[in-house]
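Peer 1: Contents of model_17.pdb (PDB, C-alpha atoms and all ligand atoms) are given next:
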ATOM      1  CA  MET U 500     -97.224  31.012  78.374
ATOM      2  CA  LYS U 501     -97.182  34.761  78.634
ATOM      3  CA  ILE U 502     -94.787  35.586  81.465
ATOM      4  CA  GLY U 503     -93.975  38.871  83.242
ATOM      5  CA  PHE U 504     -90.553  38.905  84.927
ATOM      6  CA  ILE U 505     -89.669  41.671  87.409
ATOM      7  CA  GLY U 506     -86.099  41.960  88.739
ATOM      8  CA  LEU U 507     -83.577  41.009  86.082
ATOM      9  CA  GLY U 508     -80.376  41.056  88.145
ATOM     10  CA  ASN U 509     -77.700  38.388  88.620
ATOM     11  CA  MET U 510     -80.313  35.695  89.191
ATOM     12  CA  GLY U 511     -83.469  37.013  87.462
ATOM     13  CA  GLY U 512     -81.667  37.887  84.199
ATOM     14  CA  PRO U 513     -80.510  34.366  83.328
ATOM     15  CA  MET U 514     -83.746  32.818  84.676
ATOM     16  CA  ALA U 515     -85.830  35.029  82.361
ATOM     17  CA  ALA U 516     -83.478  34.264  79.453
ATOM     18  CA  ASN U 517     -83.973  30.514  80.011
ATOM     19  CA  LEU U 518     -87.775  30.908  79.941
ATOM     20  CA  ALA U 519     -87.551  32.872  76.681
ATOM     21  CA  LYS U 520     -85.157  30.291  75.200
ATOM     22  CA  ALA U 521     -87.705  27.578  76.010
ATOM     23  CA  GLY U 522     -90.254  29.390  73.816
ATOM     24  CA  HIS U 523     -92.269  31.379  76.364
ATOM     25  CA  ASP U 524     -93.348  34.945  75.663
ATOM     26  CA  VAL U 525     -91.429  36.889  78.347
ATOM     27  CA  THR U 526     -91.882  40.589  79.125
ATOM     28  CA  GLY U 527     -89.457  41.951  81.704
ATOM     29  CA  PHE U 528     -88.958  44.980  83.897
ATOM     30  CA  ASP U 529     -86.055  46.124  86.057
ATOM     31  CA  MET U 530     -85.373  49.506  87.664
ATOM     32  CA  ALA U 531     -81.902  49.363  86.168
ATOM     33  CA  ASP U 532     -81.456  49.685  82.430
ATOM     34  CA  VAL U 533     -80.874  46.057  81.421
ATOM     35  CA  ALA U 534     -81.307  44.019  78.251
ATOM     36  CA  ILE U 535     -81.876  40.253  78.372
ATOM     37  CA  GLU U 536     -81.719  38.037  75.307
ATOM     38  CA  GLY U 537     -85.194  37.041  74.114
ATOM     39  CA  VAL U 538     -87.002  39.227  76.681
ATOM     40  CA  THR U 539     -89.160  42.206  75.655
ATOM     41  CA  MET U 540     -88.616  45.096  78.061
ATOM     42  CA  ALA U 541     -91.581  46.990  79.542
ATOM     43  CA  LYS U 542     -91.576  50.537  80.965
ATOM     44  CA  SER U 543     -93.011  49.546  84.353
ATOM     45  CA  ALA U 544     -93.665  46.530  86.542
ATOM     46  CA  ALA U 545     -97.412  46.954  86.006
ATOM     47  CA  GLU U 546     -96.944  46.913  82.219
ATOM     48  CA  ALA U 547     -94.872  43.703  82.400
ATOM     49  CA  ALA U 548     -97.599  42.088  84.539
ATOM     50  CA  THR U 549    -100.576  43.099  82.421
ATOM     51  CA  GLY U 550    -102.119  40.134  80.582
ATOM     52  CA  ALA U 551     -99.510  37.667  81.918
ATOM     53  CA  ASP U 552    -100.447  34.085  82.858
ATOM     54  CA  VAL U 553     -97.609  34.049  85.372
ATOM     55  CA  VAL U 554     -95.611  36.923  86.876
ATOM     56  CA  ILE U 555     -92.247  36.058  88.437
ATOM     57  CA  THR U 556     -90.376  38.410  90.768
ATOM     58  CA  MET U 557     -86.662  38.106  91.691
ATOM     59  CA  LEU U 558     -85.953  41.057  93.981
ATOM     60  CA  PRO U 559     -83.500  42.009  96.747
ATOM     61  CA  ASN U 560     -85.730  41.982  99.856
ATOM     62  CA  GLY U 561     -89.197  41.880 101.417
ATOM     63  CA  ASP U 562     -89.814  45.650 101.430
ATOM     64  CA  ILE U 563     -89.113  45.887  97.700
ATOM     65  CA  LEU U 564     -91.264  42.801  97.079
ATOM     66  CA  ARG U 565     -94.206  44.390  98.963
ATOM     67  CA  HIS U 566     -93.765  47.600  96.965
ATOM     68  CA  VAL U 567     -93.648  45.769  93.612
ATOM     69  CA  ALA U 568     -96.607  43.570  94.622
ATOM     70  CA  SER U 569     -98.733  46.660  95.281
ATOM     71  CA  GLU U 570     -98.015  47.744  91.676
ATOM     72  CA  ILE U 571     -98.519  44.442  89.885
ATOM     73  CA  VAL U 572    -101.353  42.718  91.764
ATOM     74  CA  PRO U 573    -103.952  45.261  90.512
ATOM     75  CA  ALA U 574    -102.592  44.866  86.954
ATOM     76  CA  MET U 575    -102.852  41.058  86.898
ATOM     77  CA  SER U 576    -105.901  39.140  85.637
ATOM     78  CA  ALA U 577    -107.901  36.867  87.983
ATOM     79  CA  GLY U 578    -106.572  33.297  87.855
ATOM     80  CA  ALA U 579    -103.024  34.366  86.927
ATOM     81  CA  ALA U 580    -100.164  33.253  89.194
ATOM     82  CA  PHE U 581     -97.761  35.474  91.142
ATOM     83  CA  VAL U 582     -94.520  33.543  91.725
ATOM     84  CA  ASP U 583     -91.930  35.210  93.946
ATOM     85  CA  CYS U 584     -88.485  33.601  93.725
ATOM     86  CA  SER U 585     -86.657  36.191  95.877
ATOM     87  CA  THR U 586     -85.329  35.282  99.315
ATOM     88  CA  VAL U 587     -87.428  37.390 101.711
ATOM     89  CA  ASP U 588     -88.808  37.246 105.249
ATOM     90  CA  VAL U 589     -91.666  34.821 105.885
ATOM     91  CA  ASP U 590     -93.988  37.664 106.995
ATOM     92  CA  SER U 591     -93.574  39.539 103.674
ATOM     93  CA  ALA U 592     -94.132  36.306 101.708
ATOM     94  CA  ARG U 593     -97.394  35.692 103.600
ATOM     95  CA  ALA U 594     -98.536  39.329 103.284
ATOM     96  CA  VAL U 595     -98.031  39.263  99.512
ATOM     97  CA  ALA U 596     -99.819  35.897  99.259
ATOM     98  CA  ASP U 597    -102.818  37.380 101.147
ATOM     99  CA  GLN U 598    -102.862  40.398  98.836
ATOM    100  CA  ALA U 599    -102.769  38.137  95.776
ATOM    101  CA  ALA U 600    -105.554  35.884  97.124
ATOM    102  CA  ALA U 601    -107.765  38.916  97.811
ATOM    103  CA  ALA U 602    -107.383  39.885  94.129
ATOM    104  CA  GLY U 603    -108.326  36.374  92.918
ATOM    105  CA  LEU U 604    -104.751  35.429  91.981
ATOM    106  CA  LEU U 605    -102.803  32.251  92.637
ATOM    107  CA  SER U 606     -99.485  32.741  94.391
ATOM    108  CA  VAL U 607     -96.326  30.819  95.229
ATOM    109  CA  ASP U 608     -93.278  31.801  97.285
ATOM    110  CA  ALA U 609     -90.459  29.893  95.628
ATOM    111  CA  PRO U 610     -86.972  30.906  96.776
ATOM    112  CA  VAL U 611     -84.086  29.093  95.163
ATOM    113  CA  SER U 612     -80.756  27.553  95.930
ATOM    114  CA  GLY U 613     -78.037  27.039  93.369
ATOM    115  CA  GLY U 614     -76.727  30.577  92.956
ATOM    116  CA  ILE U 615     -75.759  32.394  89.773
ATOM    117  CA  GLY U 616     -74.357  29.229  88.158
ATOM    118  CA  GLY U 617     -77.643  27.415  88.780
ATOM    119  CA  ALA U 618     -79.647  30.337  87.372
ATOM    120  CA  ALA U 619     -77.552  30.412  84.183
ATOM    121  CA  GLY U 620     -77.501  26.633  83.754
ATOM    122  CA  GLY U 621     -81.193  26.089  84.572
ATOM    123  CA  THR U 622     -80.267  23.834  87.497
ATOM    124  CA  LEU U 623     -81.779  25.714  90.451
ATOM    125  CA  THR U 624     -83.689  24.032  93.271
ATOM    126  CA  PHE U 625     -87.036  25.676  94.090
ATOM    127  CA  MET U 626     -88.628  25.477  97.556
ATOM    128  CA  ALA U 627     -92.261  26.377  97.114
ATOM    129  CA  GLY U 628     -95.122  27.481  99.348
ATOM    130  CA  GLY U 629     -98.705  27.928  98.146
ATOM    131  CA  SER U 630    -101.810  25.982  97.124
ATOM    132  CA  THR U 631    -101.576  22.783  95.065
ATOM    133  CA  GLU U 632    -103.248  24.609  92.159
ATOM    134  CA  ALA U 633    -100.743  27.486  92.298
ATOM    135  CA  PHE U 634     -97.780  25.100  92.498
ATOM    136  CA  ALA U 635     -99.122  23.090  89.527
ATOM    137  CA  LYS U 636     -99.340  26.262  87.429
ATOM    138  CA  ALA U 637     -95.750  27.291  88.222
ATOM    139  CA  ALA U 638     -94.209  23.789  88.074
ATOM    140  CA  PRO U 639     -93.539  23.691  84.277
ATOM    141  CA  LEU U 640     -91.583  26.943  84.641
ATOM    142  CA  PHE U 641     -89.611  25.576  87.600
ATOM    143  CA  ASP U 642     -88.702  22.623  85.347
ATOM    144  CA  ILE U 643     -87.161  25.024  82.829
ATOM    145  CA  MET U 644     -85.322  27.223  85.332
ATOM    146  CA  GLY U 645     -84.281  24.393  87.639
ATOM    147  CA  GLN U 646     -83.758  20.696  88.154
ATOM    148  CA  LYS U 647     -85.853  20.216  91.271
ATOM    149  CA  ALA U 648     -88.909  21.829  92.870
ATOM    150  CA  VAL U 649     -90.231  20.790  96.269
ATOM    151  CA  HIS U 650     -93.767  21.817  97.273
ATOM    152  CA  CYS U 651     -93.145  22.522 100.968
ATOM    153  CA  GLY U 652     -96.635  23.574 102.087
ATOM    154  CA  GLU U 653     -98.873  26.641 102.218
ATOM    155  CA  ALA U 654     -97.814  30.282 101.701
ATOM    156  CA  GLY U 655     -94.480  31.077 103.372
ATOM    157  CA  ALA U 656     -93.367  27.424 103.524
ATOM    158  CA  GLY U 657     -90.833  27.918 100.713
ATOM    159  CA  GLN U 658     -89.159  30.814 102.548
ATOM    160  CA  ALA U 659     -89.277  28.834 105.794
ATOM    161  CA  ALA U 660     -87.479  25.879 104.147
ATOM    162  CA  LYS U 661     -84.856  28.156 102.595
ATOM    163  CA  ILE U 662     -83.905  29.972 105.811
ATOM    164  CA  CYS U 663     -83.900  26.775 107.899
ATOM    165  CA  ASN U 664     -81.565  25.158 105.349
ATOM    166  CA  ASN U 665     -79.275  28.171 105.246
ATOM    167  CA  MET U 666     -79.210  28.482 109.034
ATOM    168  CA  ILE U 667     -77.833  24.907 109.130
ATOM    169  CA  LEU U 668     -75.357  25.830 106.380
ATOM    170  CA  GLY U 669     -74.074  28.939 108.208
ATOM    171  CA  VAL U 670     -73.668  27.056 111.473
ATOM    172  CA  THR U 671     -71.947  24.015 109.927
ATOM    173  CA  MET U 672     -69.597  26.206 107.885
ATOM    174  CA  ILE U 673     -68.462  28.021 111.037
ATOM    175  CA  ALA U 674     -68.089  24.693 112.897
ATOM    176  CA  THR U 675     -66.055  23.229 110.016
ATOM    177  CA  CYS U 676     -63.803  26.308 109.850
ATOM    178  CA  GLU U 677     -63.176  26.412 113.580
ATOM    179  CA  ALA U 678     -62.339  22.695 113.578
ATOM    180  CA  PHE U 679     -59.718  23.307 110.836
ATOM    181  CA  ALA U 680     -58.303  26.237 112.849
ATOM    182  CA  LEU U 681     -58.078  24.036 115.944
ATOM    183  CA  ALA U 682     -56.531  21.182 113.929
ATOM    184  CA  ASP U 683     -53.825  23.594 112.687
ATOM    185  CA  LYS U 684     -52.925  24.565 116.246
ATOM    186  CA  LEU U 685     -52.827  20.896 117.259
ATOM    187  CA  GLY U 686     -50.398  20.200 114.407
ATOM    188  CA  LEU U 687     -52.878  18.038 112.473
ATOM    189  CA  ASP U 688     -52.397  18.085 108.694
ATOM    190  CA  ARG U 689     -55.429  19.572 106.887
ATOM    191  CA  GLN U 690     -55.563  16.810 104.280
ATOM    192  CA  LYS U 691     -55.603  14.150 107.038
ATOM    193  CA  MET U 692     -58.303  16.106 108.845
ATOM    194  CA  PHE U 693     -60.383  16.133 105.627
ATOM    195  CA  ASP U 694     -59.767  12.425 104.984
ATOM    196  CA  VAL U 695     -61.043  11.541 108.446
ATOM    197  CA  VAL U 696     -63.937  13.985 108.863
ATOM    198  CA  SER U 697     -65.327  13.646 105.338
ATOM    199  CA  THR U 698     -65.845   9.924 105.991
ATOM    200  CA  SER U 699     -66.742  10.210 109.701
ATOM    201  CA  SER U 700     -69.646  11.612 111.695
ATOM    202  CA  GLY U 701     -68.427  15.221 111.394
ATOM    203  CA  TYR U 702     -69.085  15.210 107.643
ATOM    204  CA  SER U 703     -71.390  17.793 106.087
ATOM    205  CA  TRP U 704     -71.933  19.598 102.810
ATOM    206  CA  SER U 705     -69.580  22.341 104.067
ATOM    207  CA  MET U 706     -66.761  19.830 104.552
ATOM    208  CA  ASN U 707     -67.406  17.323 101.775
ATOM    209  CA  ALA U 708     -68.677  19.458  98.885
ATOM    210  CA  TYR U 709     -67.410  22.964  99.697
ATOM    211  CA  CYS U 710     -64.306  22.424 101.809
ATOM    212  CA  PRO U 711     -63.160  25.812 103.233
ATOM    213  CA  ALA U 712     -59.460  24.790 103.272
ATOM    214  CA  PRO U 713     -57.522  25.599 100.052
ATOM    215  CA  GLY U 714     -56.026  22.630  98.229
ATOM    216  CA  VAL U 715     -58.052  20.122 100.219
ATOM    217  CA  GLY U 716     -61.181  18.264  99.083
ATOM    218  CA  PRO U 717     -63.120  19.160  95.939
ATOM    219  CA  GLN U 718     -62.556  22.376  93.991
ATOM    220  CA  SER U 719     -64.224  25.190  95.951
ATOM    221  CA  PRO U 720     -64.012  28.997  96.394
ATOM    222  CA  ALA U 721     -61.153  28.398  98.900
ATOM    223  CA  ASP U 722     -59.062  27.332  95.878
ATOM    224  CA  ASN U 723     -59.835  30.617  94.174
ATOM    225  CA  GLY U 724     -58.818  33.141  96.843
ATOM    226  CA  TYR U 725     -62.289  32.910  98.445
ATOM    227  CA  GLN U 726     -63.964  34.697  95.525
ATOM    228  CA  PRO U 727     -67.694  33.873  95.844
ATOM    229  CA  GLY U 728     -69.342  31.323  95.290
ATOM    230  CA  PHE U 729     -71.854  32.177  97.918
ATOM    231  CA  ALA U 730     -70.897  35.549  99.364
ATOM    232  CA  ALA U 731     -70.645  36.106 103.124
ATOM    233  CA  ASP U 732     -73.035  39.079 102.662
ATOM    234  CA  LEU U 733     -75.732  36.766 101.243
ATOM    235  CA  MET U 734     -75.193  34.253 104.046
ATOM    236  CA  LEU U 735     -75.609  37.112 106.508
ATOM    237  CA  LYS U 736     -78.853  38.167 104.803
ATOM    238  CA  ASP U 737     -80.255  34.628 105.168
ATOM    239  CA  LEU U 738     -79.089  34.297 108.796
ATOM    240  CA  ARG U 739     -80.780  37.620 109.610
ATOM    241  CA  LEU U 740     -84.000  36.353 108.004
ATOM    242  CA  SER U 741     -83.747  33.138 110.057
ATOM    243  CA  GLN U 742     -83.394  35.130 113.294
ATOM    244  CA  GLN U 743     -86.225  37.492 112.322
ATOM    245  CA  ALA U 744     -88.434  34.436 111.737
ATOM    246  CA  ALA U 745     -87.251  32.825 114.981
ATOM    247  CA  GLY U 746     -88.221  36.046 116.780
ATOM    248  CA  SER U 747     -91.729  36.125 115.241
ATOM    249  CA  ALA U 748     -92.272  32.417 115.887
ATOM    250  CA  ASP U 749     -90.701  32.411 119.391
ATOM    251  CA  ALA U 750     -88.191  29.679 118.429
ATOM    252  CA  ASP U 751     -84.985  29.167 120.436
ATOM    253  CA  THR U 752     -82.099  29.158 117.907
ATOM    254  CA  PRO U 753     -78.913  29.873 119.889
ATOM    255  CA  MET U 754     -76.517  28.536 117.226
ATOM    256  CA  GLY U 755     -78.269  30.467 114.464
ATOM    257  CA  GLN U 756     -78.063  33.586 116.624
ATOM    258  CA  LEU U 757     -74.332  33.109 117.163
ATOM    259  CA  ALA U 758     -73.776  32.454 113.447
ATOM    260  CA  GLU U 759     -75.600  35.701 112.636
ATOM    261  CA  ALA U 760     -73.438  37.612 115.137
ATOM    262  CA  LEU U 761     -70.201  36.155 113.693
ATOM    263  CA  TYR U 762     -71.122  36.859 110.061
ATOM    264  CA  THR U 763     -72.255  40.382 111.053
ATOM    265  CA  GLN U 764     -68.844  41.045 112.585
ATOM    266  CA  PHE U 765     -67.091  39.481 109.581
ATOM    267  CA  VAL U 766     -69.035  41.416 106.932
ATOM    268  CA  ASP U 767     -69.597  44.751 108.701
ATOM    269  CA  ASN U 768     -66.392  45.201 110.746
ATOM    270  CA  GLU U 769     -63.760  42.924 109.228
ATOM    271  CA  ASP U 770     -62.811  42.070 105.646
ATOM    272  CA  GLY U 771     -65.614  39.596 104.889
ATOM    273  CA  LYS U 772     -67.652  41.784 102.529
ATOM    274  CA  GLY U 773     -67.388  40.481  98.972
ATOM    275  CA  LYS U 774     -65.659  37.253 100.052
ATOM    276  CA  ASP U 775     -67.075  33.770  99.971
ATOM    277  CA  PHE U 776     -68.781  32.673 103.208
ATOM    278  CA  SER U 777     -66.132  29.937 103.637
ATOM    279  CA  ALA U 778     -63.533  32.712 104.217
ATOM    280  CA  MET U 779     -64.512  32.242 107.859
ATOM    281  CA  LEU U 780     -61.498  29.844 107.897
ATOM    282  CA  PRO U 781     -58.747  32.449 107.231
ATOM    283  CA  ARG U 782     -60.572  34.707 109.720
ATOM    284  CA  LEU U 783     -60.524  32.074 112.492
ATOM    285  CA  GLU U 784     -57.064  30.639 111.791
ATOM    286  CA  LYS U 785     -55.447  34.017 112.582
ATOM    287  CA  ARG U 786     -57.036  34.261 116.004
ATOM    288  CA  GLY U 787     -56.361  32.926 119.479
ATOM    289  CA  ARG U 788     -58.856  32.615 122.286
ATOM    290  CA  GLY U 789     -58.395  36.180 123.609
TER     291      GLY U 789
HETATM  292  P1  LIG E   1     -79.450  41.523  92.147
HETATM  293  O1  LIG E   1     -79.245  42.703  93.038
HETATM  294  O2  LIG E   1     -78.421  41.167  91.150
HETATM  295  O3  LIG E   1     -80.855  41.691  91.370
HETATM  296  C1  LIG E   1     -81.986  42.328  91.894
HETATM  297  C2  LIG E   1     -82.583  43.167  90.763
HETATM  298  O4  LIG E   1     -83.807  43.760  91.213
HETATM  299  C3  LIG E   1     -81.674  44.311  90.330
HETATM  300  O5  LIG E   1     -81.426  44.210  88.945
HETATM  301  C4  LIG E   1     -82.473  45.577  90.685
HETATM  302  O6  LIG E   1     -82.276  46.648  89.778
HETATM  303  C5  LIG E   1     -83.890  45.043  90.632
HETATM  304  N1  LIG E   1     -84.833  45.871  91.378
HETATM  305  C6  LIG E   1     -84.691  46.388  92.614
HETATM  306  N2  LIG E   1     -85.807  47.073  92.963
HETATM  307  C7  LIG E   1     -86.662  46.971  91.922
HETATM  308  C8  LIG E   1     -87.970  47.469  91.657
HETATM  309  N3  LIG E   1     -88.618  48.195  92.574
HETATM  310  N4  LIG E   1     -88.542  47.168  90.466
HETATM  311  C9  LIG E   1     -87.879  46.428  89.548
HETATM  312  N5  LIG E   1     -86.646  45.936  89.722
HETATM  313  C10 LIG E   1     -86.037  46.200  90.899
HETATM  314  O7  LIG E   1     -79.716  40.295  93.149
HETATM  315  P2  LIG E   1     -79.681  38.738  92.789
HETATM  316  O8  LIG E   1     -78.338  38.190  93.143
HETATM  317  O9  LIG E   1     -80.250  38.536  91.425
HETATM  318  O10 LIG E   1     -80.678  38.159  93.900
HETATM  319  C11 LIG E   1     -82.082  38.267  93.773
HETATM  320  C12 LIG E   1     -82.725  37.474  94.892
HETATM  321  O11 LIG E   1     -82.299  36.108  94.822
HETATM  322  C13 LIG E   1     -82.371  37.957  96.300
HETATM  323  O12 LIG E   1     -83.520  37.888  97.112
HETATM  324  C14 LIG E   1     -81.299  36.969  96.747
HETATM  325  O13 LIG E   1     -81.255  36.822  98.167
HETATM  326  C15 LIG E   1     -81.773  35.704  96.079
HETATM  327  N6  LIG E   1     -80.714  34.706  95.842
HETATM  328  C16 LIG E   1     -79.519  35.091  95.300
HETATM  329  C17 LIG E   1     -78.538  34.131  95.072
HETATM  330  C18 LIG E   1     -77.207  34.517  94.473
HETATM  331  O14 LIG E   1     -76.286  33.692  94.494
HETATM  332  N7  LIG E   1     -77.073  35.725  93.906
HETATM  333  C19 LIG E   1     -78.778  32.796  95.400
HETATM  334  C20 LIG E   1     -80.021  32.421  95.907
HETATM  335  C21 LIG E   1     -80.983  33.407  96.137
END
Take the structure in the file and give it back as structure tokens.
Ligand code: NAD
Peer 2:
Amino acid sequence: MKIGFIGLGNMGGPMAANLAKAGHDVTGFDMADVAIEGVTMAKSAAEAATGADVVITMLPNGDILRHVASEIVPAMSAGAAFVDCSTVDVDSARAVADQAAAAGLLSVDAPVSGGIGGAAGGTLTFMAGGSTEAFAKAAPLFDIMGQKAVHCGEAGAGQAAKICNNMILGVTMIATCEAFALADKLGLDRQKMFDVVSTSSGYSWSMNAYCPAPGVGPQSPADNGYQPGFAADLMLKDLRLSQQAAGSADADTPMGQLAEALYTQFVDNEDGKGKDFSAMLPRLEKRGRG
């Protein structure tokens, strides 16, 4: 397939490289001066999109996506597919899908989980929203860049699935960290706490697969000085998107709202920026109730 790839950063770069390695003809564009193995660089987003069967975008946010979409949609040929893999707000995903449909294009919103390691290793999970026909066109590329793709529904459903998942993740990480901080003050050994909770009803991915306590449970960013991993800044981005969506949809999400407030404080006013999101544990363990 002839593929245009716009946004060749930490995630997009290795994803585009994997498509090229699999034998696809990939033309890329990024505002920054980057070179990706196997990818021909274009001078503009529109040039990368011209004549492509599929154009993939991997960009920082919804405003940038809307801007790039306004450049590439007119350059794409009818029947081609616009696949956005960025994490953006549901409203931007739907607006871009409408714009693509009006131009006779197929479109899919397909945010990912799996992080930079998943992008490099081709083991991402894609959560996709769009028509069956659009999903079918993108699916062989998801198979190369990832290990699983779930067709979640119509346009915006992929972004909806991503932010709902990450709202649960943010909330359970905070709950797990505060339980460790309480256990410390009650004199309960962290290893014993892990042994009990990881096999009891308090278990979760945060506890069992990504334990925030150093030296306890599987290897995780806690064992590496809380280097990300999944940065607190990115968790905050996703929690903000979840609360923006909850506002538009009139959904009551008190725990999500509290998680957003805590990560905002951690990233903007404390020392959370650049740390893994599980560094909520050293933050909480230092504090009392006051
Ligand atoms: P990044 O900042 O490394 O990459 C974004 C790239 O987009 C940059 O190279 C930037 O130069 C480029 N860009 C910005 N504006 C542009 C424009 N107008 N035209 C062309 N290129 C432009 O970010 P990333 O970590 O690769 O993340 C990309 C997306 O993936 C984000 O939406 C993020 O939330 C999501 N995501 C990231 C991770 C992760 O672990 N990094 C995990 C899951 C999802």
Peer 1: Could you check which of U:Lys542, U:His523, U:Lys774, U:Lys691 is closest to U:Ile505, using only C-alpha atoms?
Peer 2: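 Closest to U:Ile505, using only C-alpha atoms: U:Lys542.
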Peer 1: Restricting the calculation to all atoms listed in the file, which member of U:Gln756, U:Ser777, U:Asn517, U:Ser591 is positioned closest to U:Ala712?
Peer 2: U:Ser777
Peer 1: Which residue out of U:Ala654, U:Ala638, U:Met734, U:Ala680 has the minimum interatomic distance to ligand LIG 1 (chain E) when all atoms listed in the file are used?
Peer 2: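 For ligand LIG 1 (chain E), the nearest of the given residues is U:Met734.
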Peer 1: Report the distance between atom CA of U:Glu784 and atom CA of U:Thr698 in Å, rounded to one decimal place.
Peer 2: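 For atom CA of U:Glu784 relative to atom CA of U:Thr698, the distance reads 23.2 Å.
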Peer 1: With all atoms listed in the file counted and 7 Å as the cut-off, give the residues of chain U in contact with ligand LIG 1 (chain E), each with its shortest interatomic distance in Å and the pair that gives it, as a Markdown table.
Peer 2:
| residue | atom | partner | partner_atom | distance |
| --- | --- | --- | --- | --- |
| U:Ile505 | CA | E:LIG1 | C9 | 5.5 |
| U:Gly506 | CA | E:LIG1 | O4 | 3.8 |
| U:Leu507 | CA | E:LIG1 | O5 | 4.8 |
| U:Gly508 | CA | E:LIG1 | O3 | 3.3 |
| U:Asn509 | CA | E:LIG1 | O9 | 3.8 |
| U:Met510 | CA | E:LIG1 | O9 | 3.6 |
| U:Gly511 | CA | E:LIG1 | O9 | 5.3 |
| U:Phe528 | CA | E:LIG1 | C9 | 5.9 |
| U:Asp529 | CA | E:LIG1 | N5 | 3.7 |
| U:Met530 | CA | E:LIG1 | N5 | 4.3 |
| U:Ala531 | CA | E:LIG1 | O6 | 4.5 |
| U:Ala544 | CA | E:LIG1 | N4 | 6.5 |
| U:Met557 | CA | E:LIG1 | C11 | 5.0 |
| U:Leu558 | CA | E:LIG1 | O4 | 4.4 |
| U:Pro559 | CA | E:LIG1 | O12 | 4.1 |
| U:Asn560 | CA | E:LIG1 | O12 | 5.4 |
| U:Ile563 | CA | E:LIG1 | N3 | 5.6 |
| U:His566 | CA | E:LIG1 | N3 | 6.8 |
| U:Val567 | CA | E:LIG1 | N3 | 5.7 |
| U:Cys584 | CA | E:LIG1 | O11 | 6.8 |
| U:Ser585 | CA | E:LIG1 | O12 | 3.8 |
| U:Thr586 | CA | E:LIG1 | O12 | 3.9 |
| U:Val587 | CA | E:LIG1 | O12 | 6.1 |
| U:Pro610 | CA | E:LIG1 | C21 | 6.5 |
| U:Val611 | CA | E:LIG1 | C20 | 5.3 |
| U:Ser612 | CA | E:LIG1 | C20 | 4.9 |
| U:Gly613 | CA | E:LIG1 | C19 | 6.1 |
| U:Gly614 | CA | E:LIG1 | O14 | 3.5 |
| U:Ile615 | CA | E:LIG1 | O14 | 4.9 |
| U:Phe729 | CA | E:LIG1 | O14 | 5.8 |
| U:Leu733 | CA | E:LIG1 | O13 | 6.3 |
Peer 1: As a list of chain:residue names, please: the residues near stretch 747-755 of chain U (cut-off 8 Å, all atoms listed in the file, same-chain neighbours under 3 positions excluded).
Peer 2: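 The contact residues come out as U:Met666, U:Ile667, U:Gly669, U:Val670, U:Leu738, U:Ser741, U:Gln742, U:Gln743, U:Ala744, U:Ala758, U:Glu759.
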Peer 1: Please write the residues from the selection above to a file, keeping C-alpha atoms, as a short mmCIF file (atom, residue, chain, number, x, y, z; two decimals), in the coordinates of the input.
Peer 2:
data_model
loop_
_atom_site.label_atom_id
_atom_site.label_comp_id
_atom_site.auth_asym_id
_atom_site.auth_seq_id
_atom_site.Cartn_x
_atom_site.Cartn_y
_atom_site.Cartn_z
CA MET U 666 -79.21 28.48 109.03
CA ILE U 667 -77.83 24.91 109.13
CA GLY U 669 -74.07 28.94 108.21
CA VAL U 670 -73.67 27.06 111.47
CA LEU U 738 -79.09 34.30 108.80
CA SER U 741 -83.75 33.14 110.06
CA GLN U 742 -83.39 35.13 113.29
CA GLN U 743 -86.22 37.49 112.32
CA ALA U 744 -88.43 34.44 111.74
CA ALA U 758 -73.78 32.45 113.45
CA GLU U 759 -75.60 35.70 112.64
#
Peer 1: Please compute the atom CA of U:Asn664-atom CA of U:Asp737 distance, one decimal, in Å.
Peer 2: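 Separating atom CA of U:Asn664 from atom CA of U:Asp737 is a distance of 9.6 Å.
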Peer 1: Measuring atom to atom with all atoms listed in the file, identify which of U:Gly701, U:Gly787, U:Gly537, U:Gly771 is nearest to U:Ala516.
Peer 2: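 With all atoms listed in the file as the atom set, the closest residue is U:Gly537.
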Peer 1: Neighbours of U:Met500 within 9 Å (only C-alpha atoms; same-chain residues fewer than 2 positions away dropped), as a list in words?
Peer 2: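 The residues that qualify are Ile502, Gly522, His523, Asp524, Val525, Ala551, Asp552 and Val553 of chain U.
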Peer 1: Evaluate the PyMOL selection byres (((chain U and resi 609) around 12) and not hetatm) and record the selected residues as a PyMOL selection string, following the chain and residue labels used in the document.
Peer 2: chain U and resi 555-557+581-587+589+592+596+606-608+610-612+623-629+633-634+637-638+640-641+644-645+647-661
Peer 1: What separation in Å, quoted to one decimal, exists between atom CA of U:Ala721 and atom CA of U:Asn707?
Peer 2: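 Straight-line distance from atom CA of U:Ala721 to atom CA of U:Asn707 works out to 13.0 Å.
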